[in-house]
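Written below as structure tokens is the structure these notes are about.
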Amino acid sequence: MIDAIDVSMVDWSRAQFALTAICHWLFVPLTLGLAVIIGVMETMYYRTGNEFWKNTVKFWMKIFGINFAIGVATGIILEFEFGTNWSNYSWFVGDIFGAPLAIEGILAFFMESTFVAVMFFGWDKVSKGFHLASTWLTGLGATISAWWILVANAWMQNPVGMEFNPATARSEMVDFMAVATSPTAVCKFFHTVLSSWIVAAVFVVGVSCWYLLKKRHREFAVASIKTGAWVGLAGALIAAWTGDGSAFQVAQQQPMKLAAMEGYYEGEEGAGLVAFGILNPEKKTAADGVEPFLLRIEIPKMLSLLAERDADAFVPGISDLQEGGYVQKDGTVALSVEQKMERGKAAIRAFSDYRTAYKSGDEERMKIASSELRENMPYFGYGYINDAEELVPCVPLTFYMFRVMVILGGYFLLFFAVVLFFVYRKDLTAVRWMQWIGIGTVPLGIIASQAGWVVAECGRQPWAIQDMLPVGAAVSKLDVGSVQTTFFIFVVMFVVMLAAELGIMYKSIVKGPEV
Amino acid sequence: METYIILQQYWWFVVSLLGALLVFLMFVQGGNTLLFCVGKTEEQRRMMINSTGRKWEFTFTTLVTFGGAFFASFPLFYSTCFGGAYWVWMIILFTFVLQAVSYEFQSKACNLLGKKTYRVFLALNGVLAPLLLGVVVATFFTGSDFYIEKDNISIMQMPVISRWANEWHGLDLLCNPWNLVLGLAVLFLARILGGLYFINNINDKDIACRCRRMIKMDFPVFLLFFLAFVIKVLVSDGYAVCPDTGMVYMEPYKYLENFIEMPIVLSVFLLGVVSVLAGVLMTWLKPTFDKGIWFAGIGTVLTVLALLLVVGYNDTAYYPSNCSLQSSLTLANSCSSQFTLIVMSIVSLLVPFVLAYIFYAWRSIDRKKIDADEMTDGSHLY
């Protein structure tokens, strides 16, 4: 009997990674954004010498510290899970993927962990200037860390700068700069980091609004709102711009993800963007003849404009991507998924032939197999796919999460502008409804940020590495019981940690700053 | 020597150095195992937690970087050991996760589980992390059971290249008593280093006195386990690899031979052992001596570094498989490509700069010892 990958094991491994990533990302955006806000505040203290700013910094630093610990704790799990749960992935692309992780450790984590200790414990032990530098360096360390991990993630979405080496049975890096500065990575970095500023800014503004509502620490709250809202507005503006860049990259590299984001089945020229839509839950596959939408309001030609920078350009839908036959930008005719799967299987067979010839020292056969492999390599991952439907990600999840992210992104722009208007032109301390809105906006920051990651990660299924390695071929050979057990242990740990964190945070906020 | 081989050896050195630094920094874990036996009052325990609390992130970061560097330079090890010995790594992870939050949470109001629970988590990590990391390192000498077949990538239904040979997925490592012997040696070493660190870092006579007493009890136990393991390794057959064919075979006294054929590594090992002994004995014999952590710490780094170099250099399979000898990992068959190793080597040139700022920041904070006054003066505390 041929041993086969247990599909439920793949699902449980995905669930465990998703659980850890979601939990990690509850805290990391706050860390990234609060570091900037605290840096600005401490710069004010350094320049003015006013103890008010020092106490303000100390309060937000305490909140930062509570978050930082869980962010660190969940981060290490993610790194190790590449090995424990995705061991085949670790070998297949470790030559490329491992480097950003190691560089992250050497360049970023040590900076972060060294200076965060000075930031917390160095107030009366080091000079004001050194302390300020430490605070900014902590934030810089976190941001550099984000750069490298997002380089790694972007490479999975758009694998560049590498070649498959059949002699070592893995992909190998051939161009480091292509990996480290790919357009996907650059857009992803700015979009993710800047959106993290929004999350932290929304949090700072919301907590400060709570103090205004309670008529406590007014001066502290207004100063925090001003700092937070300016950082948030800057973040929202740049996140909107880089969001457009990210979507453009998706259109170029991952057209199936783009189609899922739009619930877009039949491609057309001058395609419209869904401004508001309700998907038809009866729609199961592209070919089932069911209408994809119950309600759809579109902005004409906008999808073509955003995806191709040309209002009349053709954008392929899910059916087109499955059936192929349309002319691509480079003038070639797109293959159907069946053709891609055949080419993928041919690549895998050529790899097998190469290995056999390699072991017997038959150079002539190696050359033939190598040439065949190179020709079919762009479709290598399709060889592991058994059913063409596996290549379509979950459309409703991707579609709705994309809208949640975009709508909330627009809302944050408006929110920060209105907050700044009230705080400078009116007396925000007297506008209770706006204070309530500020408090109510806090969870929306986290929701938007999580929704963005759901789009990025669920939208690219079934690929662990786009077109090269599906998740089913990336997992470790474990029994499903082990992964289920660790999954539930993590669930319990994360729930307890989260409950404790929220309790501590609540208590710290109720106690308030010592200003 | 070929550039590629030099790069492999360089990266084995870097990974070994990170591993050695990690064992030294386990004084944080060792210190936490002393929390309930050395700290008798709340104030003392608080000082101890704040003392290790200012260093735990270094240990944590070194572990993360050790993992990342191993991933980048020897991905087949990452794939085989982590994916195979699943449960050992998961338990290590669980305890580190608990540790990371426990420092921050334990003294805070509304922390859900209460102060004592978080401190028990710290002690739990203190025991299990050094013990299990020691067990994993021991398998570098004693071997594990796994198969590697890179051709499996062409099997479309099951393309996994490395498989653990049994369903225990790492728990089987605990059944080999020699693995436990090294695990226990690392645990007791961590406790000794923790004690020496407290003596150096906390200005409290009671704590220092109890740490000295504890060191006197733990040191013979450590020595017993450590010497037993080293002697066992020196007299056992080792996993040798033929440099021309890459074939792995058993060779009598391989590790002893490695020491003899690499006199620099042997010198580093002996210097390390002497330095650990000096740090402990000077602390033991001279009641006012508080610099033992530096001697024992540097000694630990040198000793562990030498042991890891012995298991990787001189044509030795560093991660051997007992059930499939030819599946054993060697520097050559498990490393990254030459291009990646070059890129990483350029990045590693920044490491001295990183070490310099860590040292500078560390000195800035530790200029004054922790004392009881600092626990009440309104500073940021755990």
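Chains: A, B, ... in order of the structure tokens. Residues: from 1 per chain. Ligands: from 1, in order shown.
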
Residues of chain A that have any atom at most 7 Å from an atom of chain B: could you tabulate them with the shortest-distance atom pair and the distance in Å to one decimal, using only C-alpha atoms, ordered by chain and increasing number, as a Markdown table?
| residue | atom | partner | partner_atom | distance |
| --- | --- | --- | --- | --- |
| A:Asp3 | CA | B:Met158 | CA | 6.4 |
| A:Ala4 | CA | B:Gln157 | CA | 4.9 |
| A:Ile5 | CA | B:Met158 | CA | 5.4 |
| A:Ile66 | CA | B:Glu104 | CA | 6.3 |
| A:Ala69 | CA | B:Val101 | CA | 5.3 |
| A:Ile70 | CA | B:Val101 | CA | 6.0 |
| A:Ala73 | CA | B:Val97 | CA | 4.7 |
| A:Thr74 | CA | B:Val97 | CA | 6.9 |
| A:Ile76 | CA | B:Val64 | CA | 6.4 |
| A:Ile77 | CA | B:Leu93 | CA | 6.6 |
| A:Gly83 | CA | B:Phe82 | CA | 4.9 |
| A:Thr84 | CA | B:Gly83 | CA | 3.8 |
| A:Asn85 | CA | B:Gly83 | CA | 6.0 |
| A:Ser87 | CA | B:Ser79 | CA | 4.3 |
| A:Asn88 | CA | B:Val160 | CA | 5.6 |
| A:Ser90 | CA | B:Ser79 | CA | 5.4 |
| A:Trp91 | CA | B:Leu76 | CA | 5.4 |
| A:Gly94 | CA | B:Pro75 | CA | 5.3 |
| A:Asp95 | CA | B:Ser336 | CA | 5.2 |
| A:Gly98 | CA | B:Ala72 | CA | 3.8 |
| A:Ala99 | CA | B:Ala72 | CA | 4.9 |
| A:Leu101 | CA | B:Gly68 | CA | 5.4 |
| A:Ala102 | CA | B:Gly68 | CA | 4.3 |
| A:Gly105 | CA | B:Thr65 | CA | 4.6 |
| A:Ile106 | CA | B:Thr65 | CA | 6.4 |
| A:Phe109 | CA | B:Thr61 | CA | 6.2 |
| A:Phe110 | CA | B:Thr61 | CA | 6.4 |
| A:Ser113 | CA | B:Glu57 | CA | 5.6 |
| A:Thr114 | CA | B:Ile358 | CA | 5.9 |
| A:Ala117 | CA | B:Arg54 | CA | 6.2 |
| A:Val118 | CA | B:Ile365 | CA | 6.8 |
| A:Phe120 | CA | B:His380 | CA | 6.1 |
| A:Phe121 | CA | B:His380 | CA | 5.9 |
| A:Gly122 | CA | B:Ile365 | CA | 6.1 |
| A:Lys125 | CA | B:Ile365 | CA | 6.2 |
| A:Val126 | CA | B:Ser364 | CA | 6.5 |
| A:Ala169 | CA | B:Lys150 | CA | 6.2 |
| A:Glu172 | CA | B:Ser337 | CA | 6.5 |
| A:Met173 | CA | B:Thr340 | CA | 6.3 |
| A:Val174 | CA | B:Phe339 | CA | 6.7 |
| A:Ile348 | CA | B:Ser154 | CA | 5.4 |
| A:Arg349 | CA | B:Ser154 | CA | 6.7 |
| A:Phe351 | CA | B:Ser154 | CA | 6.8 |
| A:Ser352 | CA | B:Ser154 | CA | 5.6 |
| A:Arg355 | CA | B:Asp151 | CA | 6.9 |
| A:Tyr384 | CA | B:Met156 | CA | 5.4 |
| A:Ala473 | CA | B:Pro159 | CA | 5.9 |
| A:Ser476 | CA | B:Gly83 | CA | 5.7 |
| A:Lys477 | CA | B:Arg163 | CA | 6.0 |
| A:Ala500 | CA | B:Asn111 | CA | 4.8 |
| A:Gly503 | CA | B:Cys110 | CA | 5.2 |
| A:Ile504 | CA | B:Cys110 | CA | 5.3 |
| A:Lys507 | CA | B:Cys110 | CA | 6.6 |

_Contacts of Ile198 in chain A within 7 Å, only C-alpha atoms, excl. fewer than 6 positions in-chain, as a PyMOL selection string_ = chain A and resi 232+235-236+445

*For Glu219 in chain A, work out the shell of residues within 12 Å, counting only C-alpha atoms and skipping chain neighbours fewer than 4 positions away, then give it as number ranges by chain.*
A: 52-53, 55-56, 208-209, 211-212, 215, 223-226, 423, 428-429, 513-515

Spatial neighbours of Met61 in chain A, max dist 7 Å, only C-alpha atoms, sep filter under 4 positions, as a PDB file with N, CA and C atoms, in the first residue's frame:
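Ended up saving to part.pdb:
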ATOM      1  N   ILE A  38       5.591  56.009  21.713  1.00  0.00           N
ATOM      2  CA  ILE A  38       6.401  56.239  22.916  1.00  0.00           C
ATOM      3  C   ILE A  38       7.674  57.010  22.540  1.00  0.00           C
ATOM      4  N   VAL A  57       5.153  58.831  29.111  1.00  0.00           N
ATOM      5  CA  VAL A  57       5.918  57.750  28.477  1.00  0.00           C
ATOM      6  C   VAL A  57       5.872  56.506  29.361  1.00  0.00           C
ATOM      7  N   GLY A  65       5.006  46.954  27.674  1.00  0.00           N
ATOM      8  CA  GLY A  65       5.674  45.810  28.303  1.00  0.00           C
ATOM      9  C   GLY A  65       4.759  44.609  28.437  1.00  0.00           C
TER      10      GLY A  65
END

*asked:* Could you pull out the helix (DSSP H, G or I) residues of range 92-135 of chain B, going by DSSP on the backbone, and write them as a PyMOL selection string?
replied: chain B and resi 92-106+115-135

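Interatomic distance, CA of Phe189 in chain A to CA of Trp147 in chain A: 5.8 Å.
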
*asked:* Taking 4 positions as the minimum chain separation for residues in the same chain, which residues sit within 12 Å of Tyr318 in chain B when counting only C-alpha atoms? Answer as an NGL selection string.
replied: :B and (12 or 16 or 74 or 76-77 or 81 or 136-144 or 238-241 or 248 or 254-255 or 307-314 or 325 or 327-335)

From a backbone DSSP assignment, name each residue in range 287-347 of chain B labelled strand (DSSP E or B), as a PDB file with N, CA and C atoms, in the first residue's frame.
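As written to disk, states38.pdb reads:
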ATOM      1  N   THR B 316      33.005  13.978  10.954  1.00  0.00           N
ATOM      2  CA  THR B 316      32.121  13.312  11.916  1.00  0.00           C
ATOM      3  C   THR B 316      30.671  13.636  11.557  1.00  0.00           C
ATOM      4  N   TYR B 319      24.661  14.589  13.502  1.00  0.00           N
ATOM      5  CA  TYR B 319      23.330  14.197  13.957  1.00  0.00           C
ATOM      6  C   TYR B 319      23.051  12.805  13.403  1.00  0.00           C
ATOM      7  N   SER B 321      21.900   8.860  12.771  1.00  0.00           N
ATOM      8  CA  SER B 321      20.716   8.010  12.859  1.00  0.00           C
ATOM      9  C   SER B 321      21.169   6.589  13.173  1.00  0.00           C
ATOM     10  N   LEU B 329      23.203  12.932   9.549  1.00  0.00           N
ATOM     11  CA  LEU B 329      23.509  14.256   8.997  1.00  0.00           C
ATOM     12  C   LEU B 329      24.976  14.599   9.218  1.00  0.00           C
TER      13      LEU B 329
END

*asked:* When you look at Leu189 in chain B with a cut-off of 12 Å (counting only C-alpha atoms), what residues show up, excluding the ones that are within fewer than 6 positions of it in the same chain? I need them as number ranges by chain.
replied: B: 23-31, 33, 126-127, 130-131, 134, 182-183, 195-196, 214-215, 217-226, 273, 276-277, 280, 293, 296-297, 299-301, 303-304
